[in-house]
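Okay, structure first, notes after.
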Amino acid sequence: MQVAVVDFDNVEELRYTLQGVDLLISTISAAEQINLIDAARRARVRLFVPSEFEGDLSHRPTNDPLDRGSQAALELLHRCSQSRPHSMQYTVFSCGLFMERFGPGGLRSYNIGSSTGVQNSNDYVVDVANATAEIIENNSQGRPVRVNLTSVYDVARFMAAAIELGPGSWPREFRMRGDHMAVRDIITACSGVRRGTLLTYPPATWHSGIDDYPVPFNLAIHTYQAAVAEAEYCQENADWPRWHYFQRLIATADGRYHFSQANLNDAINAAGGGLEVRPLNFRQWLDQVWGPAM
């Protein structure tokens with residue numbers, strides 16, 4: 001394996017380093033990724049995979065409050081794909097939510113997510129270690145909010161399988177998943193790992209079973225409309241951490257991390273010939289990462 005140390009502010013240095021590269025997979029964002037795309041185009045890289053691994057493209061709203069340079073990167077990639085005579089194609093890999101968000105220490109303990117604002121264990125939906133959770137249970141149409149989830153390690157396996165399929169056949173977006181479930185079921189699964197009682201606020205008739213789960217597990221449930229109002233209140237009072245927290249809950253309720261068809265799963269299953277990815281479901285993953293911790 002070769003490792004090259006580069007300056008992401010130096011496009012010419014990046015271009016020189018990328019000479020001879022056919023497929024480039026990015027794991028950086030913002031201005032650094034823009035420079036990497038520009039350098040890849042100049043180096044005549046054939047196929048670029050941007051750092052867009054969670055929400056799928058169809059659920060990216062205009063003027064996305066959670067955008068971290070994604071829209072600018074995608075617009076630049078689109079222009080690169082249209083340029084002649086040397087176009088650079090691109091494919092986005094979407095996986096829903098990283099399961100690692102719910103592991104001990106959150107994304108930070110896996111050395112990922114430093115620029116996302118959700119790198120800590122209490123930054124999104126549920127804090128397993130402290131047995132607390134905060135969700136929008138139903139979307140604006142009153143339907144249960146659902147998400148897809150995939151472990152980072154399974155994302156790597158899916159991408160390796162996609163390369164085996166042949167990059168020449170890749171669509172604009174590959175969607176993969178290890179599991180899909182309602183956000184309420186995420187809390188149920190996490191509560192089961194902690195073996196704690198699920199206490200809800202506001203009160204709800206559903207509970208996890210006091211006799212089976214002796215450790216308290218507290219859940220705050222917001223209606224969609226109340227969460228929007230809370231976000232507006234936080235914006236008016238410049239409470240940006242809570243504003244971002246509610247924006248993430250609203251985006252989840254709007255379907256940002258849910259898609260009905262996982263076309264990469266389907267393509268791998270249809271390929272046969274020994275090509276196979278068996279991703280962990282969410283409860284399997286929780287048992288693996290929290291079993292030793294508990």
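In the structure tokens, chains take letters A, B, ... by order of appearance, with residues numbered from 1 within each chain and ligands from 1 in the order shown.
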
I'd like the contact shell of A:Ser140 - 8 Å cut-off, only C-alpha atoms, skipping same-chain residues fewer than 3 positions apart - returned as JSON, numbers by chain. {"A": [143, 224, 225, 253, 254]}

Stretch 148-263 of chain A: residues DSSP assigns to strand (DSSP E or B), reported as a ChimeraX atom specification: /A:148-150,173-175,179-182,198-201,217-222

Same residues, C-alpha atoms, saved as a tab-separated table (two decimals), in the first residue's frame:
```tsv
chain	number	residue	atom	x	y	z
A	148	ASN	CA	-31.94	2.89	6.92
A	149	LEU	CA	-28.80	1.97	8.84
A	150	THR	CA	-25.47	0.49	7.77
A	173	GLU	CA	-26.26	6.73	-7.07
A	174	PHE	CA	-25.76	3.39	-5.31
A	175	ARG	CA	-27.94	2.88	-2.24
A	179	ASP	CA	-31.18	-2.61	8.21
A	180	HIS	CA	-34.26	-0.39	8.04
A	181	MET	CA	-36.59	0.44	10.90
A	182	ALA	CA	-38.75	3.06	12.59
A	198	LEU	CA	-38.24	2.98	28.64
A	199	LEU	CA	-39.84	6.05	30.25
A	200	THR	CA	-41.56	8.40	27.80
A	201	TYR	CA	-42.28	12.10	27.91
A	217	PHE	CA	-34.29	4.77	29.79
A	218	ASN	CA	-35.81	8.22	29.20
A	219	LEU	CA	-37.43	9.22	25.92
A	220	ALA	CA	-38.65	12.68	24.88
A	221	ILE	CA	-41.07	12.62	21.94
A	222	HIS	CA	-41.71	15.72	19.82
```

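The residue that comes closest to A:Ile25, out of A:Asp9, A:Asp266, A:Glu52, A:Asp38 and on the basis of only C-alpha atoms, is A:Glu52.
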
Contact check, stretch 38-87 of chain A to stretch 107-125 of chain A, at most 12 Å, counting only C-alpha atoms, closest pairs as CSV:
```
residue,atom,partner,partner_atom,distance
A:Ser51,CA,A:Gly113,CA,11.2
A:Glu52,CA,A:Thr116,CA,11.6
A:Phe53,CA,A:Gly113,CA,11.3
A:Glu54,CA,A:Thr116,CA,11.2
A:Leu66,CA,A:Thr116,CA,8.6
A:Asp67,CA,A:Thr116,CA,9.4
A:Arg68,CA,A:Thr116,CA,7.7
A:Gly69,CA,A:Ser115,CA,10.9
A:Ser70,CA,A:Thr116,CA,11.7
```

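From atom CA of A:Asn281 back to atom CA of A:Val128, the distance works out to 17.3 Å.
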
Give me the residues within 7 Å of A:Glu137 as a PyMOL selection string, counting only C-alpha atoms and dropping any in the same chain fewer than 5 places off. chain A and resi 144-145+183-184+221

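Considering the residues A:Pro279, A:Pro50, A:Gly291, A:Gly274 and counting only C-alpha atoms, A:Gln89 has its shortest atom-to-atom contact with A:Pro50.
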
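When only C-alpha atoms are used to measure the gap to A:Tyr245, the shortest distance among A:Leu57, A:Ala39, A:Val126, A:Ala31 belongs to A:Val126.
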
Spatial neighbours of A:Arg256, 10 Å, only C-alpha atoms, chain gap at least 5 places, as a list in words: Glu54, Gly55, Asp56, Leu57, Ser58, His59, Arg60, Pro61, Gly96, Leu97, Arg146, Val147, Asn148, Arg248, Leu249, Ile250 and Ala251 of chain A

Have a look at atom CA of A:Leu18 and atom CA of A:Val6 and let me know their distance in Å, one decimal. 10.5 Å

Could you state the separation of atom CA of A:Val92 and atom CA of A:Gln247 in Å, given to one decimal place? 23.0 Å

Once you count only C-alpha atoms, what closest atom pair and distance in Å to one decimal does each residue of stretch 35-146 of chain A within 9 Å of stretch 152-171 of chain A have, with rows by chain and rising residue number, as JSON lines?
```
{"residue": "A:Leu47", "atom": "CA", "partner": "A:Pro167", "partner_atom": "CA", "distance": 7.8}
{"residue": "A:Phe53", "atom": "CA", "partner": "A:Val155", "partner_atom": "CA", "distance": 8.6}
{"residue": "A:Tyr90", "atom": "CA", "partner": "A:Pro171", "partner_atom": "CA", "distance": 8.6}
{"residue": "A:Thr91", "atom": "CA", "partner": "A:Pro171", "partner_atom": "CA", "distance": 6.4}
{"residue": "A:Val92", "atom": "CA", "partner": "A:Pro171", "partner_atom": "CA", "distance": 8.6}
{"residue": "A:Phe93", "atom": "CA", "partner": "A:Met159", "partner_atom": "CA", "distance": 8.1}
{"residue": "A:Cys95", "atom": "CA", "partner": "A:Val155", "partner_atom": "CA", "distance": 7.2}
{"residue": "A:Phe98", "atom": "CA", "partner": "A:Val152", "partner_atom": "CA", "distance": 6.1}
{"residue": "A:Met99", "atom": "CA", "partner": "A:Val152", "partner_atom": "CA", "distance": 7.2}
{"residue": "A:Glu100", "atom": "CA", "partner": "A:Val152", "partner_atom": "CA", "distance": 7.0}
```

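Across A:Leu275, A:Cys190, A:Val21, A:Ala262, the tightest approach to A:Asp127 is made by A:Cys190 when counting only C-alpha atoms.
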
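Between A:Ser151 and the candidates A:Leu280, A:Ala73, A:Val3, A:Ile37, the tightest atom-to-atom separation, counting only C-alpha atoms, involves A:Leu280.
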
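Of the residues under consideration (A:Val289, A:Leu14, A:Met1, A:Leu74), A:Val289 shows the shortest atom-to-atom contact distance to A:Gly105 when counting only C-alpha atoms.
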
Contact residues around A:Ser81 with only C-alpha atoms at 10 Å, ignoring same-chain residues under 5 positions, as a list in words: Arg41, Arg46, Leu47, Phe48, Glu75, Leu76, His86, Ser87, Met88, Gln89 and Tyr90 of chain A

Same residues, C-alpha atoms, saved as a PDB file, in the first residue's frame:
```pdb
ATOM      1  CA  ARG A  41     -10.471  16.493 -13.178  1.00  0.00           C
ATOM      2  CA  ARG A  46     -12.194   8.668 -14.737  1.00  0.00           C
ATOM      3  CA  LEU A  47     -14.572   8.137 -11.782  1.00  0.00           C
ATOM      4  CA  PHE A  48     -14.983  10.106  -8.536  1.00  0.00           C
ATOM      5  CA  GLU A  75     -22.649  20.776  -8.735  1.00  0.00           C
ATOM      6  CA  LEU A  76     -18.928  20.756  -9.589  1.00  0.00           C
ATOM      7  CA  HIS A  86     -12.209  14.521 -20.904  1.00  0.00           C
ATOM      8  CA  SER A  87     -15.261  14.083 -18.685  1.00  0.00           C
ATOM      9  CA  MET A  88     -15.054  12.719 -15.134  1.00  0.00           C
ATOM     10  CA  GLN A  89     -18.041  10.659 -14.036  1.00  0.00           C
ATOM     11  CA  TYR A  90     -19.189  10.292 -10.446  1.00  0.00           C
TER      12      TYR A  90
END
```
